[in-house]
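Okay, data13.cif now, which holds mmCIF, C-alpha atoms and all ligand atoms:
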data_query
loop_
_atom_site.label_atom_id
_atom_site.label_comp_id
_atom_site.auth_asym_id
_atom_site.auth_seq_id
_atom_site.Cartn_x
_atom_site.Cartn_y
_atom_site.Cartn_z
CA MET A 153 0.00 0.00 0.00
CA THR A 154 1.05 3.60 -0.48
CA PRO A 155 2.09 5.38 2.69
CA SER A 156 -0.08 8.44 3.30
CA THR A 157 1.33 11.85 3.98
CA VAL A 158 0.11 14.51 6.37
CA ASP A 159 -1.13 16.48 3.38
CA SER A 160 -3.55 13.76 2.37
CA ARG A 161 -7.17 14.66 1.65
CA ALA A 162 -8.52 14.33 5.17
CA GLU A 163 -5.74 16.61 6.36
CA THR A 164 -5.98 19.44 3.88
CA ARG A 165 -7.57 22.02 6.14
CA THR A 166 -5.48 24.99 7.11
CA THR A 167 -4.39 25.67 10.66
CA GLN A 168 -7.12 28.34 10.79
CA ASP A 169 -9.57 25.51 11.22
CA VAL A 170 -7.59 24.01 14.06
CA VAL A 171 -7.70 25.50 17.54
CA GLN A 172 -4.14 26.26 18.54
CA VAL A 173 -2.73 28.25 21.45
CA LEU A 174 0.97 27.40 21.10
CA ASP A 175 2.44 27.07 17.66
CA GLU A 176 5.15 24.57 16.80
CA THR A 177 7.87 26.96 17.94
CA GLY A 178 6.27 27.39 21.35
CA GLU A 179 4.93 30.87 20.66
CA ARG A 180 1.55 31.66 22.17
CA HIS A 181 -1.10 33.41 20.13
CA GLY A 182 -4.45 32.11 21.27
CA SER A 183 -7.66 34.08 20.99
CA ALA A 184 -9.54 35.72 23.82
CA GLU A 185 -12.09 32.92 23.56
CA GLN A 186 -9.45 30.26 24.22
CA ASP A 187 -7.76 32.36 26.90
CA ARG A 188 -11.05 32.44 28.79
CA TRP A 189 -10.69 28.71 29.36
CA LEU A 190 -7.07 29.08 30.45
CA GLU A 191 -7.57 31.84 33.00
CA GLY A 192 -6.91 29.70 36.05
CA LEU A 193 -3.80 28.31 34.48
CA ASP A 194 -2.39 31.72 33.63
CA ALA A 195 -2.83 32.74 37.25
CA ASP A 196 -1.25 29.56 38.55
CA PRO A 197 2.33 28.84 37.46
CA ALA A 198 2.29 25.60 39.45
CA LEU A 199 -0.48 24.24 37.23
CA ALA A 200 1.35 25.35 34.09
CA LEU A 201 4.42 23.46 35.28
CA ARG A 202 2.32 20.50 36.33
CA LEU A 203 1.22 19.96 32.73
CA TYR A 204 4.87 19.87 31.71
CA GLU A 205 5.79 17.45 34.49
CA ASP A 206 2.85 15.22 33.56
CA MET A 207 3.89 15.01 29.92
CA VAL A 208 7.52 14.28 30.75
CA VAL A 209 6.56 11.64 33.32
CA VAL A 210 4.11 9.82 31.06
CA ARG A 211 6.59 9.79 28.20
CA ARG A 212 9.13 8.24 30.60
CA ILE A 213 6.60 5.67 31.88
CA ASP A 214 5.71 4.79 28.32
CA ALA A 215 9.37 4.27 27.40
CA GLU A 216 9.86 2.09 30.46
CA ALA A 217 6.84 -0.05 29.66
CA THR A 218 8.06 -0.47 26.09
CA ALA A 219 11.44 -1.57 27.45
CA LEU A 220 9.72 -3.99 29.84
CA GLN A 221 7.95 -5.58 26.89
CA ARG A 222 11.20 -5.88 24.95
CA GLN A 223 12.72 -7.59 27.96
CA GLY A 224 9.92 -10.14 28.12
CA GLU A 225 8.27 -8.72 31.23
CA LEU A 226 5.11 -7.62 29.39
CA ALA A 227 3.30 -9.54 26.69
CA LEU A 228 2.38 -6.39 24.81
CA TRP A 229 2.32 -2.59 25.18
CA PRO A 230 0.55 0.05 23.07
CA PRO A 231 2.83 3.11 23.23
CA LEU A 232 1.41 6.63 23.55
CA LEU A 233 4.57 8.40 22.32
CA GLY A 234 3.56 11.64 20.60
CA GLN A 235 0.08 11.81 22.15
CA GLU A 236 1.09 13.24 25.54
CA ALA A 237 -0.51 16.66 25.03
CA ALA A 238 -3.81 15.26 23.75
CA GLN A 239 -4.08 13.01 26.80
CA ILE A 240 -2.69 15.26 29.53
CA GLY A 241 -4.46 18.40 28.29
CA SER A 242 -7.81 16.63 28.27
CA GLY A 243 -7.20 14.50 31.37
CA ARG A 244 -6.29 17.52 33.49
CA ALA A 245 -9.46 19.31 32.40
CA LEU A 246 -11.62 16.70 34.15
CA ARG A 247 -13.18 16.77 37.57
CA THR A 248 -12.71 13.85 39.92
CA ASP A 249 -16.38 12.89 39.63
CA ASP A 250 -16.31 12.79 35.82
CA PHE A 251 -15.95 9.29 34.39
CA VAL A 252 -13.56 8.20 31.66
CA PHE A 253 -14.16 5.40 29.16
CA SER A 254 -10.95 4.93 27.23
CA SER A 255 -9.44 2.75 24.60
CA TYR A 256 -6.14 0.93 25.25
CA ARG A 257 -3.59 3.71 24.62
CA GLU A 258 -4.71 6.25 27.21
CA HIS A 259 -2.06 5.56 29.85
CA ALA A 260 -1.55 9.29 30.36
CA VAL A 261 -5.25 9.84 31.01
CA ALA A 262 -5.12 6.98 33.53
CA TYR A 263 -2.14 8.70 35.14
CA THR A 264 -4.16 11.91 35.56
CA ARG A 265 -6.96 9.89 37.19
CA GLY A 266 -4.54 8.59 39.81
CA VAL A 267 -4.26 5.00 38.56
CA ALA A 268 -1.30 3.38 40.36
CA LEU A 269 1.65 2.89 38.01
CA VAL A 270 1.79 -0.86 38.48
CA ASP A 271 -1.92 -1.07 37.65
CA LEU A 272 -1.15 0.30 34.19
CA VAL A 273 0.79 -2.83 33.28
CA ARG A 274 -1.02 -5.66 35.06
CA VAL A 275 -3.25 -6.54 32.14
CA TRP A 276 -0.37 -6.26 29.63
CA ARG A 277 1.62 -8.70 31.75
CA GLY A 278 -1.29 -11.07 31.50
CA VAL A 279 -1.73 -11.52 35.23
CA THR A 280 -5.25 -10.13 35.44
CA ALA A 281 -8.32 -9.63 33.31
CA SER A 282 -8.59 -6.01 34.42
CA GLY A 283 -6.01 -3.62 35.83
CA TRP A 284 -7.80 -1.55 38.45
CA ASP A 285 -11.05 -0.78 40.24
CA PRO A 286 -12.88 1.63 37.90
CA TYR A 287 -14.89 3.17 40.71
CA ALA A 288 -11.78 4.04 42.73
CA VAL A 289 -10.52 6.38 39.98
CA ASN A 290 -13.65 6.99 37.90
CA MET A 291 -12.09 5.47 34.83
CA ALA A 292 -13.03 2.17 33.23
CA THR A 293 -10.20 -0.20 32.41
CA PRO A 294 -8.89 -0.24 28.82
CA GLN A 295 -11.31 -1.26 26.11
CA VAL A 296 -9.80 -3.26 23.27
CA ILE A 297 -13.02 -3.67 21.29
CA ILE A 298 -12.68 -0.68 19.00
CA GLY A 299 -15.29 1.97 19.77
CA ALA A 300 -17.35 -0.02 22.31
CA GLN A 301 -16.44 2.45 25.04
CA THR A 302 -18.35 5.24 23.26
CA LEU A 303 -21.59 3.36 23.92
CA HIS A 304 -20.60 2.73 27.53
CA ALA A 305 -19.88 6.43 27.98
CA THR A 306 -23.14 7.48 26.39
CA GLY A 307 -25.15 5.09 28.54
CA TYR A 308 -23.33 6.28 31.64
CA ALA A 309 -23.99 9.91 30.65
CA MET A 310 -27.70 9.20 30.21
CA GLY A 311 -27.66 7.76 33.72
CA VAL A 312 -25.97 10.88 35.07
CA GLN A 313 -28.65 12.93 33.34
CA ASN A 314 -31.42 10.87 34.95
CA ASP A 315 -29.75 11.32 38.34
CA GLY A 316 -29.72 15.09 37.87
CA ALA A 317 -25.96 15.20 38.54
CA ASP A 318 -23.54 17.50 36.73
CA SER A 319 -20.65 15.14 36.11
CA VAL A 320 -19.61 14.24 32.58
CA ALA A 321 -18.64 11.02 30.81
CA VAL A 322 -15.64 11.25 28.50
CA ALA A 323 -15.04 8.71 25.78
CA TYR A 324 -11.61 8.47 24.16
CA LEU A 325 -11.52 6.97 20.69
CA GLY A 326 -9.19 6.78 17.73
CA ASP A 327 -9.48 7.82 14.10
CA GLY A 328 -10.01 4.19 13.10
CA ALA A 329 -12.85 3.87 15.59
CA MET A 330 -14.76 6.52 13.65
CA SER A 331 -15.67 3.83 11.12
CA GLN A 332 -17.22 1.53 13.73
CA GLY A 333 -20.97 1.10 13.90
CA ASP A 334 -20.88 1.32 17.70
CA VAL A 335 -19.39 4.78 17.55
CA ASN A 336 -21.96 6.08 15.10
CA GLU A 337 -24.76 4.63 17.24
CA ALA A 338 -23.29 6.30 20.32
CA PHE A 339 -23.27 9.65 18.51
CA VAL A 340 -26.95 9.31 17.63
CA PHE A 341 -27.99 8.48 21.20
CA ALA A 342 -25.75 11.15 22.72
CA ALA A 343 -27.05 13.85 20.39
CA THR A 344 -30.75 13.02 20.55
CA TYR A 345 -30.75 12.63 24.34
CA ALA A 346 -28.41 15.62 24.81
CA ALA A 347 -26.33 13.35 27.04
CA PRO A 348 -23.49 14.91 29.06
CA VAL A 349 -20.69 13.16 27.21
CA VAL A 350 -17.55 14.40 25.49
CA PHE A 351 -16.12 12.33 22.63
CA LEU A 352 -12.42 12.90 22.41
CA CYS A 353 -11.06 11.46 19.20
CA GLN A 354 -7.29 11.31 19.02
CA ASN A 355 -6.66 11.37 15.32
CA ASN A 356 -3.14 9.95 15.42
CA GLN A 357 -3.26 9.47 11.64
CA TRP A 358 -3.16 5.67 11.73
CA ALA A 359 -5.32 2.68 12.64
CA ILE A 360 -2.57 0.08 12.79
CA SER A 361 -1.40 0.16 9.13
CA GLU A 362 -4.41 2.01 7.70
CA PRO A 363 -4.06 5.77 7.23
CA VAL A 364 -6.85 8.10 8.32
CA THR A 365 -7.57 8.79 4.63
CA LEU A 366 -9.15 5.34 4.50
CA GLN A 367 -11.52 6.25 7.34
CA SER A 368 -12.68 9.54 5.86
CA THR A 369 -12.17 11.78 2.87
CA VAL A 370 -13.15 14.82 4.91
CA PRO A 371 -11.75 15.96 8.26
CA LEU A 372 -13.15 13.72 10.98
CA VAL A 373 -14.56 16.74 12.80
CA ASP A 374 -16.91 17.39 9.87
CA ARG A 375 -18.77 14.19 10.71
CA ALA A 376 -20.00 15.74 13.95
CA ALA A 377 -22.45 18.14 12.32
CA GLY A 378 -24.28 15.29 10.62
CA PHE A 379 -25.11 13.85 14.03
CA GLY A 380 -26.04 17.21 15.48
CA LEU A 381 -22.94 17.33 17.65
CA PRO A 382 -20.91 20.50 18.09
CA GLY A 383 -17.48 19.65 16.72
CA VAL A 384 -14.10 21.19 17.36
CA ARG A 385 -10.78 20.40 15.76
CA VAL A 386 -7.80 21.09 17.96
CA ASP A 387 -4.05 20.80 17.62
CA GLY A 388 -3.61 17.67 19.68
CA ASN A 389 0.08 18.38 20.20
CA ASP A 390 -0.72 21.65 21.95
CA VAL A 391 -1.45 20.89 25.58
CA LEU A 392 -2.96 24.33 26.27
CA ALA A 393 -5.31 24.19 23.31
CA VAL A 394 -6.48 20.71 24.28
CA LEU A 395 -7.02 21.83 27.88
CA ALA A 396 -9.05 24.84 26.68
CA VAL A 397 -11.34 23.00 24.27
CA THR A 398 -11.90 20.13 26.72
CA ARG A 399 -12.81 22.56 29.51
CA GLU A 400 -15.28 24.26 27.20
CA ALA A 401 -16.86 20.96 26.14
CA LEU A 402 -17.11 19.77 29.75
CA ASP A 403 -18.76 23.03 30.74
CA ARG A 404 -21.30 22.65 27.93
CA ALA A 405 -22.11 19.11 29.07
CA ARG A 406 -22.40 20.11 32.75
CA THR A 407 -24.75 22.96 32.02
CA GLY A 408 -27.24 21.00 29.93
CA GLY A 409 -25.73 21.78 26.53
CA GLY A 410 -25.24 18.12 25.62
CA PRO A 411 -22.37 16.30 23.95
CA THR A 412 -19.36 17.60 22.03
CA PHE A 413 -17.07 15.92 19.54
CA ILE A 414 -13.40 16.92 19.74
CA GLU A 415 -10.92 15.87 17.08
CA ALA A 416 -7.42 16.19 18.51
CA VAL A 417 -5.02 16.09 15.59
CA THR A 418 -1.90 14.31 16.73
CA TYR A 419 0.48 11.57 15.69
CA ARG A 420 1.40 8.11 16.93
CA MET A 421 5.18 8.36 16.81
CA GLY A 422 5.83 4.77 17.78
CA PRO A 423 4.41 1.47 16.62
CA HIS A 424 0.72 0.61 17.02
CA THR A 425 1.82 -1.86 19.69
CA THR A 426 5.11 -3.53 20.44
CA ALA A 427 3.94 -6.29 18.05
CA ASP A 428 3.88 -3.84 15.14
CA ASP A 429 6.63 -2.58 12.81
CA PRO A 430 5.52 0.75 11.32
CA THR A 431 8.54 0.91 8.98
CA ARG A 432 6.64 -1.65 6.88
CA TYR A 433 3.91 0.84 6.00
CA ARG A 434 4.97 4.36 6.97
CA ASP A 435 7.07 6.92 5.15
CA PRO A 436 9.98 7.99 7.43
CA ALA A 437 9.53 11.58 6.22
CA GLU A 438 6.11 11.62 7.86
CA LEU A 439 7.60 10.74 11.22
CA GLU A 440 10.19 13.45 10.78
CA THR A 441 7.52 16.04 10.04
CA TRP A 442 5.64 15.15 13.18
CA ALA A 443 8.79 15.02 15.29
CA GLY A 444 9.04 18.74 14.51
CA ARG A 445 5.63 19.17 16.15
CA ASP A 446 6.61 17.38 19.34
CA PRO A 447 4.13 18.25 22.10
CA ILE A 448 6.69 18.37 24.90
CA ALA A 449 9.33 20.38 23.02
CA ARG A 450 7.01 23.26 22.18
CA TYR A 451 5.64 23.50 25.72
CA ARG A 452 9.17 23.39 27.12
CA THR A 453 10.14 26.32 24.89
CA TYR A 454 7.06 28.23 26.00
CA LEU A 455 7.66 27.71 29.73
CA THR A 456 11.35 28.46 29.41
CA GLY A 457 10.48 31.72 27.67
CA LEU A 458 8.19 32.64 30.57
CA GLY A 459 11.04 31.98 32.99
CA LEU A 460 9.02 29.23 34.69
CA LEU A 461 11.11 26.29 33.57
CA THR A 462 14.54 26.82 35.06
CA GLU A 463 17.38 24.30 34.87
CA ALA A 464 16.70 23.33 38.48
CA GLU A 465 13.02 22.75 37.71
CA GLU A 466 13.89 20.69 34.63
CA ALA A 467 16.20 18.54 36.76
CA ARG A 468 13.45 18.08 39.35
CA VAL A 469 10.97 16.98 36.69
CA GLN A 470 13.45 14.51 35.22
CA GLY A 471 13.96 13.14 38.73
CA VAL A 472 10.20 12.63 39.16
CA ALA A 473 10.09 10.86 35.80
CA ASP A 474 13.00 8.55 36.64
CA GLN A 475 11.44 7.77 39.99
CA ALA A 476 8.13 6.90 38.31
CA ALA A 477 9.88 4.64 35.81
CA ALA A 478 11.74 2.84 38.62
CA GLU A 479 8.48 2.39 40.54
CA LEU A 480 6.74 1.01 37.46
CA ARG A 481 9.57 -1.45 36.77
CA ALA A 482 9.84 -2.66 40.35
CA GLY A 483 6.07 -3.05 40.63
CA CYS A 484 5.83 -4.89 37.35
CA ILE A 485 8.57 -7.37 38.10
CA ALA A 486 7.15 -8.06 41.57
CA LEU A 487 3.74 -9.03 40.16
CA GLU A 488 3.06 -12.66 40.82
CA ASP A 489 1.61 -15.03 38.27
CA PRO A 490 -1.93 -16.02 39.21
CA SER A 491 -3.00 -19.63 39.40
CA ALA A 492 -4.07 -20.77 35.94
CA LEU A 493 -7.47 -21.74 37.34
CA THR A 494 -8.33 -18.12 38.10
CA ILE A 495 -9.15 -17.79 34.39
CA PHE A 496 -12.57 -19.24 35.27
CA ASP A 497 -13.23 -16.86 38.17
CA HIS A 498 -15.17 -13.96 36.66
CA VAL A 499 -16.76 -15.49 33.59
CA TYR A 500 -20.26 -15.49 35.10
CA ALA A 501 -21.65 -13.72 38.14
CA GLU A 502 -23.45 -16.90 39.28
CA PRO A 503 -22.17 -20.49 39.45
CA HIS A 504 -22.56 -22.29 36.14
CA ALA A 505 -22.52 -26.08 35.72
CA ALA A 506 -20.83 -26.16 32.31
CA LEU A 507 -18.10 -23.82 33.47
CA ALA A 508 -17.59 -25.84 36.66
CA ALA A 509 -17.09 -28.95 34.53
CA GLU A 510 -14.57 -27.16 32.31
CA ARG A 511 -12.74 -25.91 35.37
CA ALA A 512 -12.56 -29.42 36.86
CA ALA A 513 -11.27 -30.83 33.57
CA TYR A 514 -8.60 -28.15 33.33
CA ALA A 515 -7.57 -28.71 36.96
CA GLN A 516 -7.12 -32.39 36.17
CA TYR A 517 -5.07 -31.53 33.11
CA LEU A 518 -2.82 -29.27 35.20
CA GLU A 519 -2.27 -32.05 37.70
CA GLY A 520 -0.55 -33.96 34.91
CA PHE A 521 2.41 -31.58 35.17
CA ALA A 522 5.12 -32.06 37.76
CA ASP A 523 4.80 -28.49 39.03
CA GLY A 524 1.00 -28.53 39.07
CA ASP A 525 -0.09 -25.07 37.99
CA GLU A 526 2.78 -24.42 35.61
CA ALA A 527 1.21 -25.67 32.41
CA PRO A 528 2.49 -24.50 29.02
CA GLY A 529 1.46 -20.95 28.28
CA VAL A 530 1.12 -19.80 31.87
CA ASP A 531 4.79 -19.03 32.41
CA ALA A 532 6.18 -15.52 32.34
CA PRO A 533 4.58 -13.29 29.70
CA GLY A 534 6.36 -13.51 26.37
CA GLU A 535 7.46 -17.06 27.04
CA VAL A 536 5.32 -19.72 25.48
CA ALA A 537 6.62 -23.20 26.15
CA GLU A 538 6.07 -25.94 23.64
CA PRO A 539 3.67 -28.56 24.99
CA GLY A 540 5.54 -31.15 26.95
CA THR A 541 8.75 -29.13 27.34
CA ASP A 542 9.93 -26.50 29.76
CA GLU A 543 11.67 -24.52 27.03
CA PRO A 544 10.43 -21.04 26.29
CA GLY A 545 9.34 -20.63 22.70
CA THR A 546 10.06 -17.74 20.39
CA GLY A 547 8.03 -15.36 22.53
CA SER A 548 4.42 -14.42 22.02
CA THR A 549 3.71 -10.89 20.91
CA ASP A 550 -0.07 -11.21 20.99
CA ALA A 551 -2.19 -9.41 23.52
CA PRO A 552 -2.95 -11.41 26.65
CA THR A 553 -6.51 -11.63 25.45
CA GLY A 554 -5.52 -11.97 21.81
CA GLY A 555 -7.31 -8.68 21.31
CA ALA A 556 -5.08 -5.70 20.48
CA ARG A 557 -2.96 -6.49 17.48
C1 LIG B 601 -14.17 -4.24 16.88
C2 LIG B 601 -12.71 -4.39 16.60
N1 LIG B 601 -12.29 -4.50 15.32
C3 LIG B 601 -10.97 -4.63 15.06
C4 LIG B 601 -10.05 -4.65 16.07
C5 LIG B 601 -8.57 -4.80 15.77
N2 LIG B 601 -7.90 -3.51 16.04
C6 LIG B 601 -7.17 -3.30 17.15
S1 LIG B 601 -6.52 -1.77 17.20
C7 LIG B 601 -7.19 -1.35 15.72
C8 LIG B 601 -6.98 0.01 15.11
C9 LIG B 601 -7.63 1.13 15.86
O1 LIG B 601 -7.18 2.38 15.38
P1 LIG B 601 -7.61 3.72 16.02
O2 LIG B 601 -9.05 3.70 16.35
O3 LIG B 601 -7.14 4.80 15.13
O4 LIG B 601 -6.82 3.75 17.41
P2 LIG B 601 -5.24 3.83 17.69
O5 LIG B 601 -4.74 2.42 17.78
O6 LIG B 601 -4.61 4.58 16.56
O7 LIG B 601 -5.06 4.52 18.98
C10 LIG B 601 -7.92 -2.43 15.19
C11 LIG B 601 -8.60 -2.39 13.89
C12 LIG B 601 -10.53 -4.55 17.40
N3 LIG B 601 -9.71 -4.58 18.45
N4 LIG B 601 -11.85 -4.41 17.64
MG MG B 602 -5.45 5.95 15.23
#

Give the structure from the file, written as structure tokens.
Amino acid sequence: MTPSTVDSRAETRTTQDVVQVLDETGERHGSAEQDRWLEGLDADPALALRLYEDMVVVRRIDAEATALQRQGELALWPPLLGQEAAQIGSGRALRTDDFVFSSYREHAVAYTRGVALVDLVRVWRGVTASGWDPYAVNMATPQVIIGAQTLHATGYAMGVQNDGADSVAVAYLGDGAMSQGDVNEAFVFAATYAAPVVFLCQNNQWAISEPVTLQSTVPLVDRAAGFGLPGVRVDGNDVLAVLAVTREALDRARTGGGPTFIEAVTYRMGPHTTADDPTRYRDPAELETWAGRDPIARYRTYLTGLGLLTEAEEARVQGVADQAAAELRAGCIALEDPSALTIFDHVYAEPHAALAAERAAYAQYLEGFADGDEAPGVDAPGEVAEPGTDEPGTGSTDAPTGGAR
């Protein structure tokens, strides 16, 4: 297939159509309308620096998790590299009582919700079916079924509406998800019920090896109007612009104005997952173009220009990032393998005869091995032993659930 370029048809709009506060050089020239949503931030240097720290820390966590996968400690990891501003800018706009329904790449959003670092990797290590308690952080665990979370968010938002509360559901989705039936159904329900939900689409230009031009021949944001959703296209590599448009959309939802669709234009700088090799389908020049739009670099330039980001502060932030990476690694490696029989634990809420029989049969099978529980395929992630041997195989790169490619 032909690699797409950033100038492809769905990307031909000018920057005038894209909300931007900081340009690629880190210069600020937002409008009064955007500045209205950034007032608190402008008055609070600590918050401005916090956004920087967040982005640096999540990039570091992401790099560490990628390394852990390469070292066989995780079965799979979907990197967020390049999408830090889209995730931190939106995540930090939320209130604690808002509820997030994400896809599988939103590690930075999870970080803003207070998800423990080790909980980010549990599921990717294959030691649990779900990484954390959604109600403890008001964020559902990662959804691998493309687009399904948009329906969950819309249903949740309709519930909030019925309760008379003013919290908001936020659904994160990708450019590829825009072609899913579920997503289009969610848009219809959200619009017609004026549900308090924000759809945040990170258009990272790719759905595995398919360019966004195969999802749409017009900018994704233009789809919103057809559903009756207000739509906004934002520079997803501009943390301040993303914060501003998300705050505005949340305010609309809280005050009875219904849903909003946000297209955050960004770029997946790494592979789709650690099982993917983007050099097979992507033009290196495209990566270079987007590297020049790096979300952290431009914000660093901006803060440095304001005198907020001193060398001492930069060193402190790097220290926080290194500490987070060390915590993630230590937590990951200390995770214990569950008993293979726990796979049957949460299939049904009530006891089920057929499942009990399957469980008994599997238990008997496991007893046939000298070390009981240690049947092939339940060793450390990434090591798949051949039946009847203790030798690790070539290493599985599939998702624990076989879901995310
Ligand atoms: C319903 C469904 N169809 C197909 C897949 C396989 N799949 C996994 S990721 C992916 C691409 C999704 O791309 P996008 O929505 O742009 O999100 P991104 O990975 O870029 O964050 C596909 C097709 C899936 N997980 N679920
Ligand atoms: Mg995508």

- Task: Can you tell me which residues come within 7 Å of ligand MG 602 (chain B) when counting only C-alpha atoms and all ligand atoms, ideally as a ChimeraX atom specification?
- Result: /A:326-328,354-360

Can you spit out the residues from that selection as a compact mmCIF listing (two decimals), keeping the file's coordinate frame, using C-alpha atoms?
# COMPACT_ATOMS: atom_id res chain seq x y z
CA GLY A 326 -9.19 6.78 17.73
CA ASP A 327 -9.48 7.82 14.10
CA GLY A 328 -10.01 4.19 13.10
CA GLN A 354 -7.29 11.31 19.02
CA ASN A 355 -6.66 11.37 15.32
CA ASN A 356 -3.14 9.95 15.42
CA GLN A 357 -3.26 9.47 11.64
CA TRP A 358 -3.16 5.67 11.73
CA ALA A 359 -5.32 2.68 12.64
CA ILE A 360 -2.57 0.08 12.79

- Show me which residues sit within 10 Å of ligand LIG 601 (chain B) when counting only C-alpha atoms and all ligand atoms, and put them as number ranges by chain. A: 230-232, 235, 255-258, 295-300, 324-334, 353-364, 367, 419-420, 423-425, 554-557

Take the residues from that selection and write them out as a tab-separated table (two decimals), in the frame of the given file, keeping C-alpha atoms.
chain	number	residue	atom	x	y	z
A	230	PRO	CA	0.55	0.05	23.07
A	231	PRO	CA	2.83	3.11	23.23
A	232	LEU	CA	1.41	6.63	23.55
A	235	GLN	CA	0.08	11.81	22.15
A	255	SER	CA	-9.44	2.75	24.60
A	256	TYR	CA	-6.14	0.93	25.25
A	257	ARG	CA	-3.59	3.71	24.62
A	258	GLU	CA	-4.71	6.25	27.21
A	295	GLN	CA	-11.31	-1.26	26.11
A	296	VAL	CA	-9.80	-3.26	23.27
A	297	ILE	CA	-13.02	-3.67	21.29
A	298	ILE	CA	-12.68	-0.68	19.00
A	299	GLY	CA	-15.29	1.97	19.77
A	300	ALA	CA	-17.35	-0.02	22.31
A	324	TYR	CA	-11.61	8.47	24.16
A	325	LEU	CA	-11.52	6.97	20.69
A	326	GLY	CA	-9.19	6.78	17.73
A	327	ASP	CA	-9.48	7.82	14.10
A	328	GLY	CA	-10.01	4.19	13.10
A	329	ALA	CA	-12.85	3.87	15.59
A	330	MET	CA	-14.76	6.52	13.65
A	331	SER	CA	-15.67	3.83	11.12
A	332	GLN	CA	-17.22	1.53	13.73
A	333	GLY	CA	-20.97	1.10	13.90
A	334	ASP	CA	-20.88	1.32	17.70
A	353	CYS	CA	-11.06	11.46	19.20
A	354	GLN	CA	-7.29	11.31	19.02
A	355	ASN	CA	-6.66	11.37	15.32
A	356	ASN	CA	-3.14	9.95	15.42
A	357	GLN	CA	-3.26	9.47	11.64
A	358	TRP	CA	-3.16	5.67	11.73
A	359	ALA	CA	-5.32	2.68	12.64
A	360	ILE	CA	-2.57	0.08	12.79
A	361	SER	CA	-1.40	0.16	9.13
A	362	GLU	CA	-4.41	2.01	7.70
A	363	PRO	CA	-4.06	5.77	7.23
A	364	VAL	CA	-6.85	8.10	8.32
A	367	GLN	CA	-11.52	6.25	7.34
A	419	TYR	CA	0.48	11.57	15.69
A	420	ARG	CA	1.40	8.11	16.93
A	423	PRO	CA	4.41	1.47	16.62
A	424	HIS	CA	0.72	0.61	17.02
A	425	THR	CA	1.82	-1.86	19.69
A	554	GLY	CA	-5.52	-11.97	21.81
A	555	GLY	CA	-7.31	-8.68	21.31
A	556	ALA	CA	-5.08	-5.70	20.48
A	557	ARG	CA	-2.96	-6.49	17.48

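Atom to atom, atom CA of A:Gly409 and atom CA of A:Gly380 stand 12.0 Å apart.
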
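What separates atom CA of A:Leu220 from atom CA of A:Thr280 is a distance of 17.1 Å.
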
- Considering all atoms listed in the file, return as a ChimeraX atom specification whatever protein or nucleic-acid residues lie within 8 Å of stretch 473-477 of chain A, sequence-local ones (same chain, fewer than 4 positions apart) excluded. /A:205,208-210,212-213,216,269,469,481

Spatial neighbours of A:Thr407, 10 Å, only C-alpha atoms, chain gap at least 6 places, as a PDB file with C-alpha atoms, keeping the file's coordinate frame:
ATOM      1  CA  ASP A 318     -23.540  17.500  36.730  1.00  0.00           C
ATOM      2  CA  SER A 319     -20.650  15.140  36.110  1.00  0.00           C
ATOM      3  CA  PRO A 348     -23.490  14.910  29.060  1.00  0.00           C
TER       4      PRO A 348
END

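Between atom CA of A:Phe351 and atom CA of A:Asp169 the separation is 18.6 Å.
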
Around stretch 342-355 of chain A, fit a box with edges along x, y and z, padding it by 8 Å on each side, then list its centre and edge lengths in Å to one decimal as lines of an AutoDock Vina configuration file.
center_x = -18.7
center_y = 13.4
center_z = 22.2
size_x = 40.1
size_y = 20.5
size_z = 29.7

- Query: So which residues touch stretch 449-462 of chain A within 10 Å, counting all atoms listed in the file, skipping near sequence neighbours fewer than 2 positions away, as a PyMOL selection string?
  - Reply: chain A and resi 174-180+197-198+200-201+203-204+207-208+237+389-392+443-447+464-469

Writing out the chosen residues with C-alpha atoms as an mmCIF file, in the coordinates of the input:
data_model
loop_
_atom_site.group_PDB
_atom_site.id
_atom_site.type_symbol
_atom_site.label_atom_id
_atom_site.label_comp_id
_atom_site.auth_asym_id
_atom_site.auth_seq_id
_atom_site.Cartn_x
_atom_site.Cartn_y
_atom_site.Cartn_z
ATOM 1 C CA LEU A 174 0.970 27.400 21.100
ATOM 2 C CA ASP A 175 2.440 27.070 17.660
ATOM 3 C CA GLU A 176 5.150 24.570 16.800
ATOM 4 C CA THR A 177 7.870 26.960 17.940
ATOM 5 C CA GLY A 178 6.270 27.390 21.350
ATOM 6 C CA GLU A 179 4.930 30.870 20.660
ATOM 7 C CA ARG A 180 1.550 31.660 22.170
ATOM 8 C CA PRO A 197 2.330 28.840 37.460
ATOM 9 C CA ALA A 198 2.290 25.600 39.450
ATOM 10 C CA ALA A 200 1.350 25.350 34.090
ATOM 11 C CA LEU A 201 4.420 23.460 35.280
ATOM 12 C CA LEU A 203 1.220 19.960 32.730
ATOM 13 C CA TYR A 204 4.870 19.870 31.710
ATOM 14 C CA MET A 207 3.890 15.010 29.920
ATOM 15 C CA VAL A 208 7.520 14.280 30.750
ATOM 16 C CA ALA A 237 -0.510 16.660 25.030
ATOM 17 C CA ASN A 389 0.080 18.380 20.200
ATOM 18 C CA ASP A 390 -0.720 21.650 21.950
ATOM 19 C CA VAL A 391 -1.450 20.890 25.580
ATOM 20 C CA LEU A 392 -2.960 24.330 26.270
ATOM 21 C CA ALA A 443 8.790 15.020 15.290
ATOM 22 C CA GLY A 444 9.040 18.740 14.510
ATOM 23 C CA ARG A 445 5.630 19.170 16.150
ATOM 24 C CA ASP A 446 6.610 17.380 19.340
ATOM 25 C CA PRO A 447 4.130 18.250 22.100
ATOM 26 C CA ALA A 464 16.700 23.330 38.480
ATOM 27 C CA GLU A 465 13.020 22.750 37.710
ATOM 28 C CA GLU A 466 13.890 20.690 34.630
ATOM 29 C CA ALA A 467 16.200 18.540 36.760
ATOM 30 C CA ARG A 468 13.450 18.080 39.350
ATOM 31 C CA VAL A 469 10.970 16.980 36.690
#
